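Asks: Okay, so here is input_33.cif, and as you'll see once you scroll down, it has mmCIF, C-alpha atoms.
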```
data_start
loop_
_atom_site.label_atom_id
_atom_site.label_comp_id
_atom_site.auth_asym_id
_atom_site.auth_seq_id
_atom_site.Cartn_x
_atom_site.Cartn_y
_atom_site.Cartn_z
CA MET J 1 13.39 0.41 -25.20
CA LYS J 2 11.31 -2.75 -25.75
CA SER J 3 11.28 -3.50 -29.45
CA LEU J 4 8.89 -5.47 -31.61
CA GLU J 5 11.89 -7.66 -32.52
CA GLU J 6 11.98 -8.78 -28.93
CA LEU J 7 8.27 -9.62 -29.11
CA LYS J 8 8.90 -11.66 -32.27
CA ALA J 9 11.52 -13.70 -30.44
CA ILE J 10 9.06 -14.35 -27.61
CA ARG J 11 6.42 -15.36 -30.14
CA ASP J 12 8.73 -17.91 -31.75
CA ARG J 13 9.76 -19.32 -28.37
CA VAL J 14 6.15 -19.62 -27.19
CA LYS J 15 4.94 -21.11 -30.48
CA SER J 16 7.36 -23.99 -30.19
CA SER J 17 6.03 -24.88 -26.75
CA VAL J 18 2.33 -24.12 -27.25
CA ASP J 19 1.38 -27.64 -28.34
CA ILE J 20 2.42 -29.06 -25.00
CA ARG J 21 0.21 -26.53 -23.27
CA GLU J 22 -2.91 -27.32 -25.26
CA ASP J 23 -2.53 -30.98 -24.40
CA ASN J 24 -2.68 -30.31 -20.70
CA SER J 25 -5.69 -31.99 -19.14
CA ASN J 26 -5.26 -30.82 -15.54
CA LYS J 27 -6.69 -27.32 -16.14
CA ILE J 28 -7.16 -25.03 -13.16
CA ARG J 29 -9.01 -21.71 -13.36
CA VAL J 30 -8.31 -18.84 -10.95
CA VAL J 31 -11.10 -16.25 -10.99
CA VAL J 32 -10.63 -12.86 -9.33
CA GLY J 33 -13.64 -10.64 -8.55
CA MET J 34 -13.03 -7.35 -10.35
CA ALA J 35 -16.20 -5.31 -9.84
CA THR J 36 -16.19 -1.92 -8.08
CA CYS J 37 -16.25 -3.63 -4.68
CA GLY J 38 -13.34 -5.94 -5.51
CA ILE J 39 -11.21 -3.23 -7.05
CA ALA J 40 -11.80 -0.85 -4.14
CA ALA J 41 -10.84 -3.62 -1.69
CA GLY J 42 -7.55 -4.31 -3.46
CA ALA J 43 -8.22 -6.92 -6.13
CA ARG J 44 -5.73 -5.51 -8.62
CA PRO J 45 -2.57 -6.36 -6.61
CA VAL J 46 -4.05 -9.81 -5.91
CA LEU J 47 -4.64 -10.39 -9.61
CA ALA J 48 -1.15 -9.12 -10.47
CA ALA J 49 0.38 -11.42 -7.85
CA PHE J 50 -1.43 -14.46 -9.27
CA THR J 51 -0.40 -13.61 -12.84
CA GLU J 52 3.21 -13.13 -11.77
CA GLU J 53 3.48 -16.23 -9.55
CA VAL J 54 1.86 -18.44 -12.18
CA ALA J 55 4.24 -17.06 -14.83
CA LYS J 56 7.29 -17.41 -12.58
CA ARG J 57 6.54 -21.05 -11.86
CA GLY J 58 5.59 -21.79 -15.45
CA LEU J 59 2.20 -23.25 -14.47
CA HIS J 60 0.87 -23.65 -17.98
CA ASN J 61 -2.23 -25.51 -16.80
CA VAL J 62 -3.47 -22.48 -14.83
CA THR J 63 -5.46 -19.61 -16.30
CA VAL J 64 -6.03 -16.44 -14.31
CA THR J 65 -9.21 -14.61 -15.20
CA GLN J 66 -11.75 -12.14 -13.83
CA THR J 67 -15.42 -11.91 -12.98
CA GLY J 68 -17.85 -9.27 -11.77
CA CYS J 69 -19.45 -8.87 -8.36
CA ILE J 70 -20.49 -12.21 -6.91
CA GLY J 71 -22.48 -10.63 -4.10
CA ILE J 72 -20.25 -10.99 -1.05
CA CYS J 73 -18.66 -7.56 -1.22
CA GLN J 74 -17.77 -7.51 2.48
CA TYR J 75 -15.33 -10.36 1.86
CA GLU J 76 -13.56 -8.84 -1.13
CA PRO J 77 -11.02 -9.36 -2.60
CA VAL J 78 -12.59 -12.72 -3.41
CA VAL J 79 -10.80 -15.38 -5.46
CA GLU J 80 -12.46 -18.56 -6.70
CA ILE J 81 -10.39 -21.51 -7.82
CA PHE J 82 -11.95 -24.17 -10.04
CA ASP J 83 -9.97 -27.38 -10.34
CA ALA J 84 -10.01 -29.85 -13.22
CA ASP J 85 -12.98 -31.73 -11.70
CA GLY J 86 -15.02 -28.55 -11.38
CA ASN J 87 -14.65 -28.25 -7.60
CA LYS J 88 -14.78 -24.65 -6.42
CA THR J 89 -12.80 -23.15 -3.54
CA THR J 90 -13.63 -19.60 -2.43
CA TYR J 91 -10.82 -17.57 -0.87
CA VAL J 92 -11.83 -14.33 0.83
CA LYS J 93 -10.12 -11.15 2.00
CA MET J 94 -7.17 -11.99 -0.21
CA THR J 95 -3.92 -10.05 -0.30
CA ALA J 96 -0.89 -10.23 -2.55
CA GLU J 97 1.00 -11.80 0.40
CA LYS J 98 -1.50 -14.65 0.73
CA VAL J 99 -1.24 -15.41 -2.99
CA ALA J 100 2.19 -17.08 -2.77
CA LYS J 101 0.89 -19.66 -0.28
CA VAL J 102 -2.25 -20.36 -2.32
CA VAL J 103 -0.14 -20.87 -5.44
CA THR J 104 2.31 -23.23 -3.72
CA ASP J 105 -0.17 -25.22 -1.66
CA HIS J 106 -3.28 -25.23 -3.81
CA LEU J 107 -2.25 -24.73 -7.44
CA VAL J 108 0.98 -26.72 -7.30
CA ASN J 109 0.32 -29.33 -4.62
CA GLY J 110 -3.46 -29.53 -4.68
CA ASN J 111 -3.97 -28.72 -0.99
CA VAL J 112 -6.63 -26.12 -0.21
CA VAL J 113 -5.39 -23.37 2.16
CA THR J 114 -8.33 -23.77 4.53
CA GLU J 115 -7.44 -20.81 6.74
CA TYR J 116 -8.02 -18.35 3.86
CA THR J 117 -11.32 -19.84 2.67
CA ILE J 118 -14.76 -18.38 3.29
CA GLY J 119 -15.57 -21.21 5.69
CA SER J 120 -12.87 -20.06 8.10
CA ILE J 121 -13.96 -16.44 8.28
CA ASN J 122 -15.69 -15.31 11.46
CA MET J 123 -19.17 -14.35 10.39
CA LYS J 124 -20.11 -11.06 11.96
CA MET H 1 -10.98 4.16 -4.64
CA GLN H 2 -7.61 5.40 -3.54
CA GLU H 3 -6.18 6.17 -6.94
CA LEU H 4 -7.60 7.15 -10.31
CA SER H 5 -6.09 4.16 -12.10
CA LEU H 6 -8.49 1.96 -10.10
CA ASN H 7 -11.44 4.00 -11.34
CA VAL H 8 -10.21 3.42 -14.89
CA LEU H 9 -10.00 -0.33 -14.28
CA ASP H 10 -13.54 -0.23 -12.93
CA ILE H 11 -15.05 1.90 -15.69
CA ALA H 12 -13.40 -0.24 -18.38
CA GLN H 13 -15.35 -3.22 -17.02
CA ASN H 14 -18.51 -1.43 -18.15
CA SER H 15 -17.12 -1.26 -21.68
CA ILE H 16 -16.35 -4.98 -21.57
CA ARG H 17 -19.87 -5.70 -20.34
CA ALA H 18 -21.20 -3.54 -23.18
CA GLY H 19 -19.67 -6.02 -25.63
CA ALA H 20 -16.94 -3.70 -26.92
CA ASN H 21 -14.02 -5.19 -28.81
CA LEU H 22 -12.00 -1.98 -28.91
CA ILE H 23 -11.42 0.11 -25.82
CA GLN H 24 -9.36 3.27 -25.95
CA ILE H 25 -7.98 4.69 -22.74
CA SER H 26 -6.20 7.98 -22.72
CA VAL H 27 -4.55 9.86 -19.90
CA LEU H 28 -3.45 13.32 -20.94
CA GLU H 29 -1.62 15.68 -18.67
CA ARG H 30 -0.51 19.30 -19.04
CA THR H 31 1.54 20.12 -15.99
CA GLU H 32 1.74 23.85 -16.69
CA ASP H 33 -2.05 24.19 -16.54
CA ALA H 34 -2.47 21.62 -13.73
CA PHE H 35 -4.75 19.83 -16.16
CA LEU H 36 -5.47 16.13 -16.42
CA GLU H 37 -7.99 14.40 -18.66
CA ILE H 38 -8.82 10.73 -18.47
CA SER H 39 -11.09 9.19 -21.06
CA ILE H 40 -12.35 5.70 -21.70
CA SER H 41 -14.01 5.15 -25.02
CA ASP H 42 -15.50 1.98 -26.43
CA ASN H 43 -17.40 0.59 -29.40
CA GLY H 44 -19.84 -1.33 -27.22
CA CYS H 45 -23.62 -1.34 -27.31
CA GLY H 46 -23.95 2.28 -26.09
CA MET H 47 -26.73 3.80 -24.01
CA THR H 48 -29.81 5.89 -24.49
CA PRO H 49 -29.87 9.38 -22.87
CA GLU H 50 -32.10 7.95 -20.11
CA GLN H 51 -29.62 5.17 -19.36
CA VAL H 52 -26.76 7.71 -19.22
CA GLU H 53 -28.72 9.63 -16.60
CA HIS H 54 -29.25 6.39 -14.68
CA VAL H 55 -25.62 5.30 -14.49
CA MET H 56 -24.64 8.52 -12.72
CA ASP H 57 -27.14 7.61 -10.03
CA PRO H 58 -25.55 5.43 -7.31
CA PHE H 59 -28.82 3.61 -6.79
CA PHE H 60 -28.94 2.31 -10.32
CA THR H 61 -27.13 -0.79 -11.48
CA THR H 62 -27.53 -3.48 -14.12
CA ARG H 63 -26.32 -6.07 -11.68
CA THR H 64 -28.76 -8.34 -9.91
CA THR H 65 -26.75 -9.10 -6.77
CA ARG H 66 -27.26 -5.72 -5.12
CA LYS H 67 -29.23 -2.56 -5.64
CA VAL H 68 -26.36 -0.09 -5.81
CA GLY H 69 -23.84 0.66 -8.54
CA LEU H 70 -21.02 2.94 -7.51
CA GLY H 71 -18.51 2.69 -10.36
CA VAL H 72 -19.57 5.71 -12.41
CA PRO H 73 -20.57 7.86 -9.38
CA PHE H 74 -17.13 7.29 -7.80
CA PHE H 75 -15.34 8.32 -10.99
CA LYS H 76 -17.56 11.39 -11.39
CA MET H 77 -16.97 12.39 -7.78
CA SER H 78 -13.19 12.09 -8.16
CA ALA H 79 -13.23 14.72 -10.92
CA GLU H 80 -15.82 17.05 -9.47
CA ALA H 81 -14.05 17.10 -6.10
CA THR H 82 -11.15 18.90 -7.81
CA GLY H 83 -13.40 21.44 -9.50
CA GLY H 84 -13.12 19.48 -12.72
CA ASP H 85 -15.89 18.04 -14.81
CA PHE H 86 -17.27 14.73 -15.95
CA SER H 87 -19.25 13.67 -18.97
CA ILE H 88 -20.57 10.62 -20.73
CA ALA H 89 -21.25 10.70 -24.44
CA SER H 90 -23.07 7.66 -25.68
CA GLN H 91 -25.06 6.44 -28.62
CA PRO H 92 -26.88 3.14 -28.82
CA GLY H 93 -25.16 0.83 -31.28
CA VAL H 94 -22.11 3.07 -31.57
CA GLY H 95 -20.39 3.19 -28.21
CA THR H 96 -19.66 5.21 -25.12
CA LYS H 97 -17.02 7.74 -24.17
CA THR H 98 -16.53 8.66 -20.55
CA THR H 99 -14.37 11.69 -19.84
CA ALA H 100 -13.16 13.09 -16.52
CA ARG H 101 -11.17 16.32 -16.24
CA TYR H 102 -9.21 17.32 -13.17
CA HIS H 103 -7.54 20.34 -11.65
CA THR H 104 -4.44 18.56 -10.44
CA ASP H 105 -3.44 21.36 -8.06
CA HIS H 106 -6.63 20.95 -6.03
CA ILE H 107 -6.25 19.61 -2.49
CA ASP H 108 -8.76 16.83 -3.16
CA MET H 109 -6.89 15.55 -6.22
CA LEU H 110 -6.28 11.82 -5.98
CA PRO H 111 -3.01 10.37 -7.28
CA ILE H 112 -3.20 8.88 -10.78
CA GLY H 113 -1.64 5.75 -9.28
CA ASP H 114 -0.36 2.73 -11.11
CA MET H 115 -2.01 3.17 -14.50
CA ASN H 116 0.35 0.61 -16.05
CA ALA H 117 -0.96 -2.08 -13.68
CA THR H 118 -4.51 -1.21 -14.73
CA ILE H 119 -3.70 -1.42 -18.44
CA LEU H 120 -1.78 -4.66 -17.99
CA ALA H 121 -4.63 -6.22 -15.99
CA LEU H 122 -7.17 -5.21 -18.64
CA ILE H 123 -5.09 -6.58 -21.53
CA THR H 124 -4.15 -9.88 -19.90
CA MET H 125 -7.65 -10.48 -18.54
CA ASN H 126 -9.26 -9.80 -21.92
CA PRO H 127 -6.81 -11.07 -24.53
CA ALA H 128 -9.50 -11.27 -27.20
CA LEU H 129 -10.30 -7.55 -26.96
CA ASP H 130 -8.20 -4.69 -28.27
CA PHE H 131 -6.94 -1.80 -26.21
CA VAL H 132 -5.30 1.44 -27.22
CA TYR H 133 -3.59 3.18 -24.36
CA THR H 134 -2.41 6.73 -24.88
CA ARG H 135 -0.46 8.43 -22.14
CA SER H 136 0.80 11.93 -22.68
CA VAL H 137 2.61 14.36 -20.46
CA ASN H 138 2.86 17.82 -22.01
CA GLU H 139 4.23 17.37 -25.54
CA LYS H 140 5.44 13.78 -25.06
CA GLN H 141 3.27 10.81 -25.88
CA TYR H 142 3.34 7.06 -25.49
CA VAL H 143 0.88 4.76 -27.29
CA LEU H 144 0.34 1.06 -26.81
CA ASP H 145 -1.99 -0.55 -29.36
CA THR H 146 -2.73 -4.25 -28.92
CA ARG H 147 -3.77 -4.51 -32.58
CA GLU H 148 -0.15 -3.82 -33.58
CA LEU H 149 1.11 -6.36 -31.04
CA LYS H 150 -1.30 -9.02 -32.31
CA GLU H 151 0.04 -8.58 -35.84
CA VAL H 152 3.48 -9.51 -34.55
CA LEU H 153 2.22 -12.28 -32.27
CA GLU H 154 0.52 -14.29 -35.04
CA GLY H 155 -2.01 -15.96 -32.79
CA VAL H 156 0.05 -16.24 -29.62
CA PRO H 157 -2.35 -14.89 -27.00
CA LEU H 158 -1.61 -11.66 -25.10
CA ASP H 159 -2.13 -13.44 -21.79
CA THR H 160 0.75 -15.84 -22.36
CA PRO H 161 2.99 -15.33 -19.29
CA GLU H 162 6.05 -14.43 -21.39
CA VAL H 163 4.06 -11.90 -23.41
CA ALA H 164 2.50 -10.39 -20.27
CA LEU H 165 5.97 -9.86 -18.86
CA TYR H 166 7.05 -8.15 -22.07
CA LEU H 167 3.98 -5.89 -21.90
CA LYS H 168 4.70 -4.97 -18.31
CA GLU H 169 8.25 -3.91 -19.12
CA ALA H 170 7.21 -2.13 -22.32
CA LEU H 171 4.60 -0.09 -20.42
CA GLU H 172 7.03 0.79 -17.66
CA GLU H 173 9.77 1.84 -20.05
CA GLY H 174 7.45 3.72 -22.37
CA THR H 175 5.76 5.76 -19.68
CA ALA H 176 8.95 6.35 -17.66
CA ALA H 177 10.38 8.14 -20.69
CA LEU H 178 7.53 10.67 -20.47
CA GLU H 179 8.59 11.85 -17.05
CA LYS H 180 12.12 12.77 -18.09
CA PRO H 181 12.96 16.40 -18.79
CA ALA H 182 12.83 17.41 -22.45
CA SER H 183 16.61 17.85 -22.72
CA ASP H 184 17.24 14.19 -21.92
CA THR H 185 16.39 12.41 -25.12
CA ASN H 186 17.95 9.07 -24.21
#
```
I need this file expressed as structure tokens, please.
Replies:
Amino acid sequence: MKSLEELKAIRDRVKSSVDIREDNSNKIRVVVGMATCGIAAGARPVLAAFTEEVAKRGLHNVTVTQTGCIGICQYEPVVEIFDADGNKTTYVKMTAEKVAKVVTDHLVNGNVVTEYTIGSINMK
Amino acid sequence: MQELSLNVLDIAQNSIRAGANLIQISVLERTEDAFLEISISDNGCGMTPEQVEHVMDPFFTTRTTRKVGLGVPFFKMSAEATGGDFSIASQPGVGTKTTARYHTDHIDMLPIGDMNATILALITMNPALDFVYTRSVNEKQYVLDTRELKEVLEGVPLDTPEVALYLKEALEEGTAALEKPASDTN
């Protein structure tokens, strides 16, 4: 059973490294659409995949967060990534499988995965 | 929505939008009676009786991007499809409690689904808010209260990757223990 002692140990470990994190200037924000439309289209596994990948790779400059409906429900799950300069990339019809590539290419190496972006979708 | 845990994730967003800082989610099950009750209760801004009527209407929404709002109607439908019932109790300035009751032996009963993933997503996406998650199966109960965790964490946010991982495992272990037969106390 997970104990509070274990949580205390995590707290102490994190506290000793938290200063480094706050100093980080290259902040990236990953925003997942979590309104009814997003959730019904499968946003939760996408969100979970981002949280897990970011944690696994120790990307302390990345925050994963949520937003409501942004009005393009037919393209959900939608993920917006804001880089340190405020540039926005909109990924559409995301899946947990696509997340790994976005994390490696975009979040780590700074290369947008063009094939998953809204610009590459066939408008019907 | 393919599972009830997704409805819970959706409905909880309404509580967040209502400015709540404490959201209590409970999932209570009595297998003998084929009974399941899910409730989401918050201390947000609350609603007037007219607004409560409105939110059950699919063609009402507070959002400006579209003219439909399906969150509450979907949740209501999921309960009523099983012969269960659905209610919203709300008071302006006090908060809102949404309750859905199910007959789990009905053919139209949806699976509860991955409730732990819903709770984890809510906590890590809203580290400033507090959540109390109560999951009970028959006489066994598991409670996760972020206020207790925050006391231990001393300012380390709940969305820190290491803490999120701890939460995930704690939820899985805690709720897995509920499924075991009563004789197995380990």
Asks: To one decimal place, how far is CA of Ala41 (chain J) from CA of Asp145 (chain H) in Å?
Replies: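 Going from CA of Ala41 (chain J) over to CA of Asp145 (chain H), I get 29.2 Å.
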Asks: Let me make sure I understand: among J:Pro77, J:Gln66, J:Glu53, J:Val31, which one has the smallest atom-to-atom distance to chain H if we use only C-alpha atoms?
Replies: J:Gln66
Asks: Could you expand the PyMOL selection byres ((chain J and resi 36) around 10) into the explicit residues it covers here, written as a list in words?
Replies: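 In the shown coordinates, the PyMOL selection byres ((chain J and resi 36) around 10) covers Gly33, Met34, Ala35, Cys37, Gly38, Ile39, Ala40, Ala41, Ala43, Gly68, Cys69 and Cys73 of chain J; Met1, Leu6, Asn7, Leu9, Asp10, Ile11, Gln13, Gly69, Leu70, Gly71, Val72 and Phe74 of chain H.
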Asks: When you draw a straight line from CA of Leu171 (chain H) to CA of Asp130 (chain H), how long is it in Å?
Replies: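 Computing the Euclidean distance for CA of Leu171 (chain H) and CA of Asp130 (chain H) yields 15.7 Å.
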Asks: Given the PyMOL selection byres ((chain J) within 8 of (chain H)) and the file above, list the residues it selects as a PDB file with C-alpha atoms, keeping the file's coordinate frame.
Replies:
```pdb
ATOM      1  CA  MET J   1      13.390   0.410 -25.200  1.00  0.00           C
ATOM      2  CA  LYS J   2      11.310  -2.750 -25.750  1.00  0.00           C
ATOM      3  CA  LEU J   4       8.890  -5.470 -31.610  1.00  0.00           C
ATOM      4  CA  LEU J   7       8.270  -9.620 -29.110  1.00  0.00           C
ATOM      5  CA  LYS J   8       8.900 -11.660 -32.270  1.00  0.00           C
ATOM      6  CA  ILE J  10       9.060 -14.350 -27.610  1.00  0.00           C
ATOM      7  CA  ARG J  11       6.420 -15.360 -30.140  1.00  0.00           C
ATOM      8  CA  VAL J  14       6.150 -19.620 -27.190  1.00  0.00           C
ATOM      9  CA  LYS J  15       4.940 -21.110 -30.480  1.00  0.00           C
ATOM     10  CA  MET J  34     -13.030  -7.350 -10.350  1.00  0.00           C
ATOM     11  CA  ALA J  35     -16.200  -5.310  -9.840  1.00  0.00           C
ATOM     12  CA  THR J  36     -16.190  -1.920  -8.080  1.00  0.00           C
ATOM     13  CA  ILE J  39     -11.210  -3.230  -7.050  1.00  0.00           C
ATOM     14  CA  ALA J  40     -11.800  -0.850  -4.140  1.00  0.00           C
ATOM     15  CA  ARG J  44      -5.730  -5.510  -8.620  1.00  0.00           C
ATOM     16  CA  LEU J  47      -4.640 -10.390  -9.610  1.00  0.00           C
ATOM     17  CA  ALA J  48      -1.150  -9.120 -10.470  1.00  0.00           C
ATOM     18  CA  THR J  51      -0.400 -13.610 -12.840  1.00  0.00           C
ATOM     19  CA  GLU J  52       3.210 -13.130 -11.770  1.00  0.00           C
ATOM     20  CA  VAL J  54       1.860 -18.440 -12.180  1.00  0.00           C
ATOM     21  CA  ALA J  55       4.240 -17.060 -14.830  1.00  0.00           C
ATOM     22  CA  GLY J  58       5.590 -21.790 -15.450  1.00  0.00           C
ATOM     23  CA  VAL J  64      -6.030 -16.440 -14.310  1.00  0.00           C
ATOM     24  CA  THR J  65      -9.210 -14.610 -15.200  1.00  0.00           C
ATOM     25  CA  GLN J  66     -11.750 -12.140 -13.830  1.00  0.00           C
ATOM     26  CA  CYS J  69     -19.450  -8.870  -8.360  1.00  0.00           C
ATOM     27  CA  ILE J  70     -20.490 -12.210  -6.910  1.00  0.00           C
ATOM     28  CA  GLY J  71     -22.480 -10.630  -4.100  1.00  0.00           C
TER      29      GLY J  71
END
```
Asks: I'd like the interatomic distance between CA of Asn116 (chain H) and CA of Gln91 (chain H), to a tenth of an Å.
Replies: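 These atoms are spaced 28.9 Å apart.
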Asks: Counting only C-alpha atoms, what is within 8 Å of Val27 (chain H), bar same-chain residues fewer than 3 positions away, as a short mmCIF file (atom, residue, chain, number, x, y, z; two decimals) with C-alpha atoms, in the coordinates of the input?
Replies:
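This went into part.cif:
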```cif
data_model
loop_
_atom_site.label_atom_id
_atom_site.label_comp_id
_atom_site.auth_asym_id
_atom_site.auth_seq_id
_atom_site.Cartn_x
_atom_site.Cartn_y
_atom_site.Cartn_z
CA LEU H 36 -5.47 16.13 -16.42
CA GLU H 37 -7.99 14.40 -18.66
CA ILE H 38 -8.82 10.73 -18.47
CA SER H 39 -11.09 9.19 -21.06
CA THR H 134 -2.41 6.73 -24.88
CA ARG H 135 -0.46 8.43 -22.14
CA SER H 136 0.80 11.93 -22.68
#
```
Asks: Taking the file as shown, find all residues satisfying the PyMOL selection byres ((chain H and resi 45-57) around 6) and write them as a list in words.
Replies: Ala18, Gly44, Pro58, Phe59, Phe60, Val72, Pro73, Ser90, Gln91, Pro92, Gly93, Val94, Gly95 and Thr96 of chain H
Asks: Extract, using all atoms listed in the file, all DNA, RNA and protein residues at most 10 Å from Val103 (chain J), discarding same-chain residues fewer than 2 positions from it, and format them as an MDAnalysis selection string.
Replies: chainID J and resid 49:50 53:54 57 59 98:101 105:113
Asks: I need the residues from that last selection saved to file as a JSON list (two decimals), in the coordinates of the input (with C-alpha atoms), if you can.
Replies:
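Below you can see part_23.json, which holds the result:
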```
[["chain", "number", "residue", "atom", "x", "y", "z"],
["J", 49, "ALA", "CA", 0.38, -11.42, -7.85],
["J", 50, "PHE", "CA", -1.43, -14.46, -9.27],
["J", 53, "GLU", "CA", 3.48, -16.23, -9.55],
["J", 54, "VAL", "CA", 1.86, -18.44, -12.18],
["J", 57, "ARG", "CA", 6.54, -21.05, -11.86],
["J", 59, "LEU", "CA", 2.20, -23.25, -14.47],
["J", 98, "LYS", "CA", -1.50, -14.65, 0.73],
["J", 99, "VAL", "CA", -1.24, -15.41, -2.99],
["J", 100, "ALA", "CA", 2.19, -17.08, -2.77],
["J", 101, "LYS", "CA", 0.89, -19.66, -0.28],
["J", 105, "ASP", "CA", -0.17, -25.22, -1.66],
["J", 106, "HIS", "CA", -3.28, -25.23, -3.81],
["J", 107, "LEU", "CA", -2.25, -24.73, -7.44],
["J", 108, "VAL", "CA", 0.98, -26.72, -7.30],
["J", 109, "ASN", "CA", 0.32, -29.33, -4.62],
["J", 110, "GLY", "CA", -3.46, -29.53, -4.68],
["J", 111, "ASN", "CA", -3.97, -28.72, -0.99],
["J", 112, "VAL", "CA", -6.63, -26.12, -0.21],
["J", 113, "VAL", "CA", -5.39, -23.37, 2.16]]
```
Asks: Name all residues at most 8 Å from Phe86 (chain H) (count all atoms listed in the file; drop same-chain ones fewer than 5 positions away) and give them as a PyMOL selection string.
Replies: chain H and resi 76+79-80+98-101
Asks: Identify which of the residues J:Thr104, J:Thr117, J:Ser16, J:Gln74 lies closest to Val92 (chain J), counting all atoms listed in the file when measuring atom-to-atom distances.
Replies: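 Nearest to Val92 (chain J): J:Thr117.
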Asks: Determine the axis-aligned bounding box of all atoms of region 111-122 of chain H present in the file, pad each side by 4 Å, and express its centre and edge lengths in Å to one decimal place as lines of an AutoDock Vina configuration file.
Replies:
```
center_x = -3.4
center_y = 2.1
center_z = -13.0
size_x = 15.5
size_y = 24.6
size_z = 19.4
```
Asks: From the set H:Asp42, H:Ile107, H:Gly19, H:Ser5, which residue has the shortest atom-to-atom contact distance to Val132 (chain H), counting all atoms listed in the file?
Replies: H:Asp42
Asks: Could you tell me which of J:Val78, J:Val62, J:Ala9, J:Ile118 comes closest to Thr95 (chain J) if we count only C-alpha atoms?
Replies: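 For Thr95 (chain J), the nearest of the given residues is J:Val78.
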Asks: Extract, using only C-alpha atoms, all DNA, RNA and protein residues at most 7 Å from Gln24 (chain H), discarding same-chain residues fewer than 2 positions from it, and format them as a list in words.
Replies: Leu22, Ser26, Ile40, Ser41, Asp42, Phe131, Val132 and Tyr133 of chain H
Asks: Closest to Tyr142 (chain H) among H:Leu158, H:Asp114, H:Ile25, H:Ala81, using all atoms listed in the file?
Replies: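 Checking each candidate against Tyr142 (chain H), we get H:Ile25 as the closest.
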Asks: Select, from J:Tyr116, J:Ile28, J:Arg13, J:His60, the residue with the minimum atom-to-atom distance to Ala84 (chain J), counting only C-alpha atoms.
Replies: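 Residue with the minimum atom-to-atom distance to Ala84 (chain J): J:Ile28.
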Asks: For Leu178 (chain H), please output as a ChimeraX atom specification all residues within 7 Å (counting all atoms listed in the file; exclusion window: fewer than 5 positions along the same chain).
Replies: /H:137,140-141
